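Okay, model_21.csv is below, CSV, C-alpha atoms and all ligand atoms:
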chain,number,residue,atom,x,y,z
A,1,GLU,CA,-26.6,10.6,0.7
A,2,ALA,CA,-24.1,12.0,3.2
A,3,ALA,CA,-25.1,9.3,5.7
A,4,GLN,CA,-24.8,6.6,3.0
A,5,ASN,CA,-21.3,7.8,2.2
A,6,ARG,CA,-20.3,7.7,5.8
A,7,ILE,CA,-21.5,4.1,6.1
A,8,ALA,CA,-19.7,3.1,2.8
A,9,ALA,CA,-16.6,4.9,4.1
A,10,GLY,CA,-16.2,2.4,6.9
A,11,GLU,CA,-15.7,-0.3,4.4
A,12,VAL,CA,-12.8,1.4,2.7
A,13,VAL,CA,-11.3,3.2,5.6
A,14,GLU,CA,-11.3,1.2,8.8
A,15,ARG,CA,-8.4,3.0,10.6
A,16,PRO,CA,-5.7,5.6,9.9
A,17,ALA,CA,-3.5,3.0,8.2
A,18,SER,CA,-6.2,2.2,5.6
A,19,ALA,CA,-6.4,5.9,4.8
A,20,VAL,CA,-2.6,6.1,4.5
A,21,LYS,CA,-2.7,3.0,2.2
A,22,GLU,CA,-5.2,4.6,-0.1
A,23,LEU,CA,-3.4,8.0,-0.3
A,24,VAL,CA,0.0,6.4,-0.9
A,25,GLU,CA,-1.5,4.2,-3.6
A,26,ASN,CA,-3.0,7.3,-5.3
A,27,ALA,CA,0.5,8.9,-5.2
A,28,LEU,CA,2.0,5.8,-6.8
A,29,ASP,CA,-0.8,5.7,-9.4
A,30,ALA,CA,0.1,9.3,-10.2
A,31,GLY,CA,3.7,8.3,-11.0
A,32,ALA,CA,5.3,10.0,-8.0
A,33,ARG,CA,9.0,9.6,-7.5
A,34,ARG,CA,8.9,10.8,-3.9
A,35,ILE,CA,6.2,10.3,-1.4
A,36,GLU,CA,6.3,12.0,2.1
A,37,VAL,CA,3.9,10.8,4.7
A,38,SER,CA,3.4,12.7,8.0
A,39,VAL,CA,1.0,11.7,10.8
A,40,ALA,CA,0.2,12.9,14.2
A,41,ASP,CA,-1.3,11.0,17.1
A,42,GLY,CA,-1.2,7.7,15.3
A,43,GLY,CA,-2.9,9.3,12.3
A,44,LYS,CA,-6.0,10.2,14.3
A,45,THR,CA,-5.6,14.0,14.2
A,46,LEU,CA,-3.4,14.3,11.1
A,47,ILE,CA,-2.4,12.3,8.0
A,48,ARG,CA,-0.6,14.2,5.3
A,49,VAL,CA,0.6,12.6,2.1
A,50,HIS,CA,2.7,14.7,-0.3
A,51,ASP,CA,3.8,13.5,-3.7
A,52,ASP,CA,5.5,14.8,-6.9
A,53,GLY,CA,3.2,12.9,-9.3
A,54,HIS,CA,1.2,14.2,-12.2
A,55,GLY,CA,-1.2,16.2,-10.1
A,56,ILE,CA,-4.9,17.0,-10.6
A,57,ALA,CA,-6.2,19.7,-12.9
A,58,GLN,CA,-8.3,22.5,-11.4
A,59,ASP,CA,-11.5,21.3,-13.1
A,60,GLU,CA,-11.0,17.7,-11.8
A,61,LEU,CA,-10.4,18.5,-8.2
A,62,ALA,CA,-14.1,18.4,-7.1
A,63,LEU,CA,-14.6,15.3,-9.2
A,64,ALA,CA,-11.8,13.5,-7.3
A,65,LEU,CA,-13.9,13.9,-4.2
A,66,GLU,CA,-17.1,12.7,-5.7
A,67,ARG,CA,-18.2,9.1,-5.4
A,68,HIS,CA,-17.2,6.6,-8.0
A,69,ALA,CA,-15.4,9.2,-10.1
A,70,THR,CA,-12.2,7.4,-10.9
A,71,SER,CA,-10.0,8.7,-13.7
A,72,LYS,CA,-8.3,5.4,-14.0
A,73,ILE,CA,-10.6,3.0,-15.9
A,74,ASP,CA,-13.7,3.6,-17.9
A,75,GLY,CA,-15.6,0.7,-16.4
A,76,SER,CA,-15.5,-1.5,-19.5
A,77,ASP,CA,-12.2,-3.1,-18.4
A,78,LEU,CA,-12.7,-4.1,-14.8
A,79,LEU,CA,-10.6,-7.2,-15.2
A,80,ASN,CA,-7.6,-5.4,-16.6
A,81,ILE,CA,-6.5,-3.4,-13.7
A,82,SER,CA,-2.9,-2.3,-13.4
A,83,SER,CA,-3.3,0.8,-11.3
A,84,PHE,CA,-3.9,0.5,-7.5
A,85,GLY,CA,-7.1,2.5,-7.6
A,86,PHE,CA,-10.1,1.8,-9.8
A,87,ARG,CA,-13.2,2.2,-7.7
A,88,GLY,CA,-13.1,6.0,-7.1
A,89,GLU,CA,-14.0,5.4,-3.5
A,90,ALA,CA,-11.1,6.3,-1.3
A,91,LEU,CA,-11.1,10.1,-1.4
A,92,PRO,CA,-14.9,10.5,-1.1
A,93,SER,CA,-14.9,7.9,1.7
A,94,ILE,CA,-12.2,9.7,3.7
A,95,GLY,CA,-13.8,13.1,2.9
A,96,ALA,CA,-17.1,11.8,4.3
A,97,VAL,CA,-15.7,11.2,7.7
A,98,ALA,CA,-12.9,13.8,8.2
A,99,ARG,CA,-11.7,17.3,7.3
A,100,LEU,CA,-9.9,16.7,4.0
A,101,THR,CA,-7.8,19.2,2.1
A,102,LEU,CA,-6.7,18.3,-1.4
A,103,THR,CA,-4.0,20.6,-2.9
A,104,SER,CA,-2.6,20.0,-6.3
A,105,ARG,CA,-0.7,21.4,-9.2
A,106,ALA,CA,-1.1,19.5,-12.4
A,107,ALA,CA,2.0,18.7,-14.5
A,108,GLY,CA,2.6,21.7,-16.8
A,109,ALA,CA,0.2,24.0,-15.0
A,110,ASP,CA,1.6,27.2,-13.5
A,111,GLU,CA,-1.0,27.4,-10.7
A,112,ALA,CA,-2.0,25.1,-7.9
A,113,TRP,CA,-5.5,24.7,-6.5
A,114,ARG,CA,-7.0,23.6,-3.2
A,115,ILE,CA,-10.3,22.1,-2.3
A,116,VAL,CA,-11.7,21.3,1.1
A,117,CYS,CA,-14.2,18.6,2.1
A,118,VAL,CA,-15.6,18.5,5.6
A,119,ALA,CA,-17.8,15.5,6.5
A,120,GLY,CA,-18.8,15.1,2.9
A,121,GLU,CA,-19.4,18.8,2.2
A,122,ILE,CA,-17.2,19.7,-0.8
A,123,GLY,CA,-16.1,23.4,-1.1
A,124,ARG,CA,-15.1,25.4,-4.1
A,125,PRO,CA,-11.5,25.2,-5.5
A,126,GLN,CA,-9.3,28.1,-4.3
A,127,PRO,CA,-5.9,29.2,-5.6
A,128,ALA,CA,-3.0,27.8,-3.6
A,129,ALA,CA,0.7,27.5,-3.6
A,130,HIS,CA,2.1,24.0,-4.3
A,131,PRO,CA,4.9,22.5,-6.3
A,132,PRO,CA,3.9,20.1,-9.1
A,133,GLY,CA,2.2,17.2,-7.5
A,134,THR,CA,-0.4,16.7,-4.8
A,135,THR,CA,-0.8,17.0,-1.0
A,136,VAL,CA,-3.7,15.4,0.7
A,137,GLU,CA,-4.2,16.4,4.3
A,138,VAL,CA,-6.7,14.5,6.5
A,139,ARG,CA,-7.5,16.0,9.9
A,140,ASP,CA,-9.6,14.4,12.6
A,141,LEU,CA,-10.4,11.2,10.8
A,142,PHE,CA,-13.7,9.8,11.9
A,143,PHE,CA,-14.7,13.0,13.8
A,144,ALA,CA,-18.0,12.7,11.8
A,145,THR,CA,-18.5,9.1,12.9
A,146,PRO,CA,-17.8,9.0,16.6
A,147,ALA,CA,-18.8,5.4,16.9
A,148,ARG,CA,-15.9,4.4,14.7
A,149,LEU,CA,-13.5,6.5,16.7
A,150,LYS,CA,-14.1,4.2,19.7
A,151,PHE,CA,-12.8,1.2,17.7
A,152,LEU,CA,-9.4,2.8,17.1
A,153,ARG,CA,-6.5,1.4,19.1
A,154,THR,CA,-3.8,3.4,20.9
A,155,ASP,CA,-1.8,6.0,19.0
A,156,ARG,CA,1.1,3.7,19.3
A,157,ALA,CA,-0.7,0.7,17.7
A,158,GLU,CA,-2.2,2.9,15.0
A,159,LEU,CA,1.2,4.3,14.2
A,160,GLN,CA,2.7,0.8,14.0
A,161,ALA,CA,0.0,-0.2,11.5
A,162,ILE,CA,0.7,3.0,9.4
A,163,SER,CA,4.5,2.2,9.5
A,164,GLU,CA,3.8,-1.4,8.3
A,165,THR,CA,1.6,-0.1,5.5
A,166,VAL,CA,4.2,2.4,4.3
A,167,LYS,CA,7.0,-0.2,4.4
A,168,LYS,CA,4.9,-2.7,2.4
A,169,LEU,CA,4.3,-0.2,-0.3
A,170,ALA,CA,7.9,0.8,-0.2
A,171,MET,CA,8.9,-2.8,-0.9
A,172,ALA,CA,6.5,-2.8,-3.9
A,173,ALA,CA,8.0,0.3,-5.4
A,174,PRO,CA,11.8,0.5,-4.9
A,175,GLU,CA,12.2,3.2,-7.6
A,176,VAL,CA,10.1,5.6,-5.4
A,177,GLY,CA,11.5,7.4,-2.4
A,178,PHE,CA,9.5,7.3,0.9
A,179,THR,CA,9.6,9.1,4.2
A,180,LEU,CA,7.3,8.6,7.2
A,181,ARG,CA,7.3,11.2,9.9
A,182,ALA,CA,5.3,11.0,13.1
A,183,ALA,CA,4.4,13.6,15.7
A,184,GLY,CA,2.4,14.1,18.8
A,185,PRO,CA,-0.2,16.9,19.0
A,186,GLU,CA,2.1,20.0,18.7
A,187,GLN,CA,5.6,18.7,18.1
A,188,GLU,CA,7.7,18.4,15.1
A,189,GLY,CA,7.5,15.1,13.2
A,190,ARG,CA,10.2,12.6,14.0
A,191,LEU,CA,11.6,10.6,11.0
A,192,MET,CA,10.4,7.0,11.5
A,193,PHE,CA,11.3,5.6,8.1
A,194,ARG,CA,13.2,6.7,5.1
A,195,ALA,CA,14.0,4.9,1.8
A,196,ASP,CA,15.6,6.8,-1.0
A,197,PRO,CA,14.7,6.0,-4.6
A,198,GLU,CA,16.7,3.0,-5.7
A,199,GLN,CA,18.5,3.0,-9.1
A,200,GLY,CA,19.5,0.2,-11.3
A,201,ASP,CA,17.6,-2.8,-12.5
A,202,LEU,CA,14.6,-4.3,-10.7
A,203,PHE,CA,16.6,-7.1,-9.0
A,204,ASP,CA,19.3,-4.8,-7.5
A,205,ALA,CA,16.7,-2.1,-6.7
A,206,ARG,CA,14.5,-4.6,-4.9
A,207,LEU,CA,17.3,-6.1,-2.9
A,208,ALA,CA,18.6,-2.7,-1.9
A,209,ARG,CA,15.1,-1.6,-0.8
A,210,LEU,CA,14.4,-4.9,1.1
A,211,SER,CA,17.7,-4.3,2.9
A,212,GLN,CA,16.4,-0.8,3.9
A,213,VAL,CA,13.0,-2.1,5.0
A,214,LEU,CA,13.8,-5.5,6.5
A,215,GLY,CA,17.4,-4.9,7.5
A,216,ALA,CA,20.8,-5.7,5.8
A,217,GLU,CA,20.7,-9.1,7.5
A,218,PHE,CA,17.7,-10.2,5.5
A,219,ALA,CA,19.3,-9.2,2.2
A,220,GLN,CA,22.5,-11.0,3.2
A,221,ASN,CA,20.6,-14.2,3.8
A,222,ALA,CA,18.2,-13.9,0.9
A,223,LEU,CA,18.1,-16.5,-1.9
A,224,PRO,CA,16.9,-15.1,-5.2
A,225,ILE,CA,13.7,-16.7,-6.4
A,226,GLU,CA,12.7,-16.9,-10.1
A,227,ALA,CA,10.3,-19.3,-11.5
A,228,GLU,CA,7.4,-19.6,-13.9
A,229,ARG,CA,4.4,-21.9,-14.3
A,230,GLU,CA,1.3,-21.8,-16.5
A,231,GLY,CA,1.4,-18.0,-17.0
A,232,LEU,CA,2.3,-17.2,-13.4
A,233,ARG,CA,5.7,-15.7,-12.7
A,234,LEU,CA,7.3,-15.7,-9.3
A,235,THR,CA,10.3,-13.5,-8.3
A,236,GLY,CA,11.7,-12.1,-5.1
A,237,PHE,CA,13.7,-13.4,-2.2
A,238,ALA,CA,13.4,-16.1,0.4
A,239,ALA,CA,15.7,-16.2,3.4
A,240,LEU,CA,17.9,-19.1,4.5
A,241,PRO,CA,16.3,-21.1,7.3
A,242,THR,CA,18.8,-19.7,9.7
A,243,PHE,CA,17.2,-16.3,9.3
A,244,SER,CA,13.8,-17.6,10.4
A,245,ARG,CA,11.7,-15.7,12.9
A,246,GLY,CA,9.3,-16.4,15.8
A,247,SER,CA,6.5,-14.7,13.9
A,248,ALA,CA,5.3,-14.4,10.3
A,249,ALA,CA,5.9,-10.6,10.3
A,250,ALA,CA,8.7,-11.0,7.7
A,251,GLN,CA,6.5,-12.8,5.1
A,252,HIS,CA,5.3,-10.6,2.3
A,253,LEU,CA,3.4,-11.4,-0.9
A,254,PHE,CA,2.7,-9.0,-3.7
A,255,VAL,CA,0.4,-10.0,-6.5
A,256,ASN,CA,0.8,-7.9,-9.7
A,257,GLY,CA,2.6,-5.3,-7.6
A,258,ARG,CA,-0.1,-5.1,-4.8
A,259,PRO,CA,0.6,-6.0,-1.3
A,260,VAL,CA,-1.9,-8.7,-0.4
A,261,ARG,CA,-2.8,-10.5,2.8
A,262,ASP,CA,-3.4,-14.1,2.0
A,263,LYS,CA,-3.1,-17.4,3.9
A,264,LEU,CA,-1.8,-18.9,0.8
A,265,LEU,CA,1.7,-17.5,1.4
A,266,ALA,CA,2.1,-18.8,5.0
A,267,GLY,CA,0.9,-22.2,4.0
A,268,ALA,CA,3.2,-22.4,0.9
A,269,LEU,CA,6.2,-21.2,3.0
A,270,ARG,CA,5.4,-23.8,5.7
A,271,ALA,CA,5.4,-26.5,3.1
A,272,ALA,CA,8.6,-25.4,1.4
A,273,TYR,CA,10.6,-25.2,4.6
A,274,SER,CA,8.9,-28.2,6.3
A,275,ASP,CA,12.0,-30.3,6.4
A,276,LEU,CA,14.2,-27.4,7.6
A,277,LEU,CA,12.2,-25.6,10.3
A,278,GLY,CA,10.2,-26.4,13.3
A,279,ARG,CA,6.6,-25.3,13.4
A,280,ASP,CA,7.4,-22.4,15.8
A,281,ARG,CA,9.8,-20.9,13.3
A,282,HIS,CA,8.6,-18.7,10.4
A,283,PRO,CA,10.8,-18.3,7.3
A,284,ALA,CA,11.3,-14.7,6.0
A,285,ALA,CA,10.3,-14.2,2.4
A,286,VAL,CA,9.3,-11.4,0.1
A,287,LEU,CA,7.7,-12.8,-3.1
A,288,PHE,CA,6.2,-11.1,-6.1
A,289,LEU,CA,3.7,-13.1,-8.1
A,290,ASP,CA,2.8,-11.7,-11.5
A,291,CYS,CA,0.0,-13.1,-13.7
A,292,PRO,CA,-2.5,-12.0,-16.3
A,293,PRO,CA,-5.1,-9.9,-14.4
A,294,GLU,CA,-7.9,-12.2,-15.4
A,295,ARG,CA,-6.3,-15.0,-13.4
A,296,VAL,CA,-6.7,-13.2,-10.1
A,297,ASP,CA,-9.6,-11.3,-8.6
A,298,VAL,CA,-8.5,-8.2,-6.5
A,299,ASN,CA,-12.0,-7.0,-6.2
A,300,VAL,CA,-13.0,-9.2,-3.3
A,301,HIS,CA,-12.9,-6.5,-0.7
A,302,PRO,CA,-13.1,-2.7,-1.1
A,303,ALA,CA,-9.8,-2.3,0.7
A,304,LYS,CA,-8.3,-4.6,-1.9
A,305,THR,CA,-5.8,-6.4,0.4
A,306,GLU,CA,-7.4,-9.8,-0.4
A,307,VAL,CA,-7.1,-11.6,-3.6
A,308,ARG,CA,-8.7,-14.7,-5.0
A,309,PHE,CA,-6.8,-16.8,-7.5
A,310,ARG,CA,-8.7,-18.6,-10.1
A,311,GLU,CA,-6.5,-21.6,-9.6
A,312,PRO,CA,-4.9,-21.3,-6.1
A,313,GLY,CA,-3.2,-24.6,-6.4
A,314,VAL,CA,-1.1,-23.4,-9.3
A,315,ALA,CA,0.1,-20.4,-7.3
A,316,ARG,CA,0.8,-22.4,-4.2
A,317,GLY,CA,2.6,-25.2,-6.2
A,318,LEU,CA,4.8,-22.6,-7.9
A,319,ILE,CA,5.9,-21.0,-4.6
A,320,VAL,CA,6.6,-24.3,-2.9
A,321,SER,CA,8.6,-25.8,-5.8
A,322,ALA,CA,10.6,-22.6,-6.5
A,323,LEU,CA,11.5,-22.2,-2.8
A,324,ARG,CA,12.4,-25.9,-2.4
A,325,HIS,CA,14.6,-25.7,-5.4
A,326,ALA,CA,16.4,-22.5,-4.2
A,327,LEU,CA,16.9,-24.1,-0.7
A,328,ALA,CA,18.2,-27.3,-2.2
A,329,GLU,CA,20.7,-25.4,-4.4
A,330,ALA,CA,21.8,-23.3,-1.3
A,331,GLY,CA,22.3,-26.5,0.7
A,332,ARG,CA,24.7,-28.0,-1.8
A,401,LIG,P1,-9.3,5.7,-7.4
A,401,LIG,O1,-7.9,5.7,-7.0
A,401,LIG,O2,-10.0,4.4,-7.2
A,401,LIG,O3,-9.4,6.2,-8.8
A,401,LIG,P2,-9.7,7.7,-5.4
A,401,LIG,O4,-10.9,8.1,-4.6
A,401,LIG,O5,-8.5,7.1,-4.6
A,401,LIG,O6,-10.1,6.7,-6.5
A,401,LIG,O7,-9.1,9.0,-6.2
A,401,LIG,C1,-10.0,9.6,-7.0
A,401,LIG,C2,-9.3,10.3,-8.2
A,401,LIG,O8,-8.6,11.4,-7.7
A,401,LIG,C3,-8.3,9.4,-8.9
A,401,LIG,O9,-8.9,8.6,-9.9
A,401,LIG,C4,-7.3,10.4,-9.4
A,401,LIG,O10,-7.8,10.9,-10.7
A,401,LIG,C5,-7.4,11.5,-8.4
A,401,LIG,N1,-6.2,11.5,-7.5
A,401,LIG,C6,-6.3,11.1,-6.2
A,401,LIG,N2,-5.1,11.2,-5.6
A,401,LIG,C7,-4.3,11.7,-6.5
A,401,LIG,C8,-2.8,12.0,-6.5
A,401,LIG,N3,-2.1,11.9,-5.4
A,401,LIG,N4,-2.3,12.5,-7.6
A,401,LIG,C9,-3.1,12.6,-8.8
A,401,LIG,N5,-4.4,12.3,-8.8
A,401,LIG,C10,-5.0,11.9,-7.7
A,402,MG,MG,-7.3,5.5,-5.0
Kindly return the structure encoded in the file as structure tokens.
Ligand code: ADP
Ligand code: MG
Amino acid sequence: EAAQNRIAAGEVVERPASAVKELVENALDAGARRIEVSVADGGKTLIRVHDDGHGIAQDELALALERHATSKIDGSDLLNISSFGFRGEALPSIGAVARLTLTSRAAGADEAWRIVCVAGEIGRPQPAAHPPGTTVEVRDLFFATPARLKFLRTDRAELQAISETVKKLAMAAPEVGFTLRAAGPEQEGRLMFRADPEQGDLFDARLARLSQVLGAEFAQNALPIEAEREGLRLTGFAALPTFSRGSAAAQHLFVNGRPVRDKLLAGALRAAYSDLLGRDRHPAAVLFLDCPPERVDVNVHPAKTEVRFREPGVARGLIVSALRHALAEAGR
């Protein structure tokens, strides 16, 4: 079974950034208000995610490391998923290929507990010191699967991917504070990214957070987007054509609060800006598409960055028309 877990692990955790994504999503699911991420050597030797969420009770610590033990849905409601996690795969997958330490103090509990998992071997919970919330420490990711270690890129490239992952999740949750610290083998972590929890209504909070993540210039050039069609609701910001970029790096789509990677967005943006931008320029836009869960399938891939719309044409049409409308208004 341990070998099976190591194989399955590769589907959920491809690289340090995918482990960071899973751990930060768990912190968000736990209602954290502050999430601190520290990594060393591009996440290869250390990933630590600390949160102030609701924590894990002592008798559930081991369960959290066991396969397909999710506390988030009961299995009868796979289509109605509002939390990030639902498969109960991330912690066991990471634990199967690394040295994982899970330390947590549940809300209201006066003690914290720690459990260690090394290459799939789960230890017994031990008393620990920890404020309310959870810290997951992952050391030597993939030490138990040397073949996978070989596919990792340079520390610098892995750190870049981690930074993008944290920033994307920070855009999705402006009410939550984030820090990312990065270190070499023995040195103190350098602060790479910081976003304090944003106050106020969602519109203001989002704009302030996008200004933190993408720069004040994006926020200053951003047109607010708000549109609805056939049960799909689109909000967010699209930049004026003058703020276009040479790459698509500033294009972000969130579906029901999840960052997704989908060709749909690039295509819709190209169509919306077609009269305004040459093909070598990419407009910047951060869009949030919300729809009833049954209209979209997030279960396509274990890492859950891909979605499949039941009617992709409706989503695409909504984005194109909303952006064209906003651009036309701005051009007046
Ligand atoms: P999933 O998120 O799909 O439920 P995971 O393997 O990511 O599965 O996590 C397993 C379980 O561990 C979660 O269902 C949750 O109960 C618990 N858990 C993991 N991380 C945290 C955290 N940071 N705070 C509170 N509970 C957590
Ligand atoms: Mg999870």
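The space between atom CA of Gly313 of chain A and atom CA of His282 of chain A spans 21.4 Å.
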Can you build me a table of segment 118-223 of chain A residues sitting at most 9 Å from segment 23-35 of chain A, with the closest atom pair per residue and its distance in Å to one decimal, using all atoms listed in the file, sorted by chain and residue number, as a tab-separated table?
residue	atom	partner	partner_atom	distance
A:Gly133	CA	A:Ala32	CA	7.9
A:Thr134	CA	A:Ala27	CA	7.9
A:Val136	CA	A:Leu23	CA	7.5
A:Val166	CA	A:Val24	CA	7.8
A:Leu169	CA	A:Val24	CA	7.9
A:Ala173	CA	A:Leu28	CA	8.3
A:Glu175	CA	A:Arg33	CA	7.2
A:Val176	CA	A:Arg33	CA	4.6
A:Gly177	CA	A:Arg34	CA	4.5
A:Phe178	CA	A:Ile35	CA	5.0
A:Thr179	CA	A:Ile35	CA	6.7
A:Leu180	CA	A:Ile35	CA	8.8
A:Asp196	CA	A:Arg34	CA	8.3
A:Pro197	CA	A:Arg33	CA	7.3
Shell of 12 Å around Leu264 of chain A, all atoms listed in the file, local chain residues under 4 positions omitted, as a PyMOL selection string: chain A and resi 251-255+260+268-271+287+289+306-309+311-320
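Counting only C-alpha atoms and all ligand atoms and comparing A:Asp262, A:Glu14, A:Glu89, A:Glu226, the residue that lies closest to ligand MG 402 (chain A) is A:Glu89.
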Shell around Arg99 of chain A at 7 Å using all atoms listed in the file, local window under 6 positions removed, as number ranges by chain: A: 117-119, 138-140
Closest of A:Leu159, A:Ala272, A:Leu91, A:Val12 to ligand LIG 401 (chain A) - atom-to-atom distances counting only C-alpha atoms and all ligand atoms: A:Leu91
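Note that the spacing between atom CA of Asn221 of chain A and atom CA of Ala205 of chain A amounts to 16.5 Å.
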Residue neighbourhood Glu329 of chain A, 10 Å, only C-alpha atoms, exclusion window fewer than 5 positions, as an MDAnalysis selection string: chainID A and resid 223 323:324
Quick one: write out the picked residues with C-alpha atoms as an mmCIF file, keeping the file's coordinate frame?
data_model
loop_
_atom_site.group_PDB
_atom_site.id
_atom_site.type_symbol
_atom_site.label_atom_id
_atom_site.label_comp_id
_atom_site.auth_asym_id
_atom_site.auth_seq_id
_atom_site.Cartn_x
_atom_site.Cartn_y
_atom_site.Cartn_z
ATOM 1 C CA LEU A 223 18.100 -16.500 -1.900
ATOM 2 C CA LEU A 323 11.500 -22.200 -2.800
ATOM 3 C CA ARG A 324 12.400 -25.900 -2.400
#
Could you add whatever atoms are missing so that segment 16-33 of chain A carries N, CA, C and O atoms, then write the result as an mmCIF file, in the frame of the given file?
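Contents of part_6.cif, as written:
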data_model
loop_
_atom_site.group_PDB
_atom_site.id
_atom_site.type_symbol
_atom_site.label_atom_id
_atom_site.label_comp_id
_atom_site.auth_asym_id
_atom_site.auth_seq_id
_atom_site.Cartn_x
_atom_site.Cartn_y
_atom_site.Cartn_z
ATOM 1 N N PRO A 16 -6.671 4.651 10.573
ATOM 2 C CA PRO A 16 -5.700 5.600 9.900
ATOM 3 C C PRO A 16 -4.842 4.866 8.876
ATOM 4 O O PRO A 16 -4.628 5.404 7.786
ATOM 5 N N ALA A 17 -4.379 3.669 9.178
ATOM 6 C CA ALA A 17 -3.500 3.000 8.200
ATOM 7 C C ALA A 17 -4.172 2.701 6.905
ATOM 8 O O ALA A 17 -3.525 2.714 5.857
ATOM 9 N N SER A 18 -5.496 2.451 6.915
ATOM 10 C CA SER A 18 -6.200 2.200 5.600
ATOM 11 C C SER A 18 -6.253 3.504 4.817
ATOM 12 O O SER A 18 -6.181 3.471 3.587
ATOM 13 N N ALA A 19 -6.412 4.650 5.505
ATOM 14 C CA ALA A 19 -6.400 5.900 4.800
ATOM 15 C C ALA A 19 -5.012 6.172 4.185
ATOM 16 O O ALA A 19 -4.876 6.565 3.020
ATOM 17 N N VAL A 20 -3.968 5.895 4.972
ATOM 18 C CA VAL A 20 -2.600 6.100 4.500
ATOM 19 C C VAL A 20 -2.377 5.198 3.248
ATOM 20 O O VAL A 20 -1.823 5.643 2.236
ATOM 21 N N LYS A 21 -2.837 3.955 3.311
ATOM 22 C CA LYS A 21 -2.700 3.000 2.200
ATOM 23 C C LYS A 21 -3.321 3.617 0.926
ATOM 24 O O LYS A 21 -2.697 3.668 -0.145
ATOM 25 N N GLU A 22 -4.544 4.078 1.033
ATOM 26 C CA GLU A 22 -5.200 4.600 -0.100
ATOM 27 C C GLU A 22 -4.527 5.843 -0.699
ATOM 28 O O GLU A 22 -4.396 6.003 -1.914
ATOM 29 N N LEU A 23 -4.064 6.732 0.199
ATOM 30 C CA LEU A 23 -3.400 8.000 -0.300
ATOM 31 C C LEU A 23 -2.073 7.697 -0.904
ATOM 32 O O LEU A 23 -1.721 8.299 -1.926
ATOM 33 N N VAL A 24 -1.314 6.772 -0.323
ATOM 34 C CA VAL A 24 0.000 6.400 -0.900
ATOM 35 C C VAL A 24 -0.208 5.724 -2.250
ATOM 36 O O VAL A 24 0.513 5.968 -3.215
ATOM 37 N N GLU A 25 -1.188 4.858 -2.330
ATOM 38 C CA GLU A 25 -1.500 4.200 -3.600
ATOM 39 C C GLU A 25 -1.860 5.195 -4.681
ATOM 40 O O GLU A 25 -1.459 5.067 -5.843
ATOM 41 N N ASN A 26 -2.627 6.204 -4.304
ATOM 42 C CA ASN A 26 -3.000 7.300 -5.300
ATOM 43 C C ASN A 26 -1.708 7.968 -5.763
ATOM 44 O O ASN A 26 -1.588 8.283 -6.951
ATOM 45 N N ALA A 27 -0.789 8.235 -4.841
ATOM 46 C CA ALA A 27 0.500 8.900 -5.200
ATOM 47 C C ALA A 27 1.264 8.009 -6.174
ATOM 48 O O ALA A 27 1.821 8.492 -7.166
ATOM 49 N N LEU A 28 1.295 6.710 -5.897
ATOM 50 C CA LEU A 28 2.000 5.800 -6.800
ATOM 51 C C LEU A 28 1.325 5.748 -8.159
ATOM 52 O O LEU A 28 1.993 5.780 -9.199
ATOM 53 N N ASP A 29 -0.011 5.696 -8.154
ATOM 54 C CA ASP A 29 -0.800 5.700 -9.400
ATOM 55 C C ASP A 29 -0.453 6.975 -10.229
ATOM 56 O O ASP A 29 -0.532 6.968 -11.457
ATOM 57 N N ALA A 30 -0.150 8.068 -9.517
ATOM 58 C CA ALA A 30 0.100 9.300 -10.200
ATOM 59 C C ALA A 30 1.584 9.438 -10.658
ATOM 60 O O ALA A 30 2.027 10.485 -11.115
ATOM 61 N N GLY A 31 2.324 8.348 -10.526
ATOM 62 C CA GLY A 31 3.700 8.300 -11.000
ATOM 63 C C GLY A 31 4.689 9.070 -10.156
ATOM 64 O O GLY A 31 5.738 9.508 -10.641
ATOM 65 N N ALA A 32 4.379 9.212 -8.867
ATOM 66 C CA ALA A 32 5.300 10.000 -8.000
ATOM 67 C C ALA A 32 6.631 9.281 -7.885
ATOM 68 O O ALA A 32 6.742 8.057 -7.963
ATOM 69 N N ARG A 33 7.668 10.096 -7.716
ATOM 70 C CA ARG A 33 9.000 9.600 -7.500
ATOM 71 C C ARG A 33 9.396 9.737 -6.006
ATOM 72 O O ARG A 33 10.282 9.058 -5.505
#
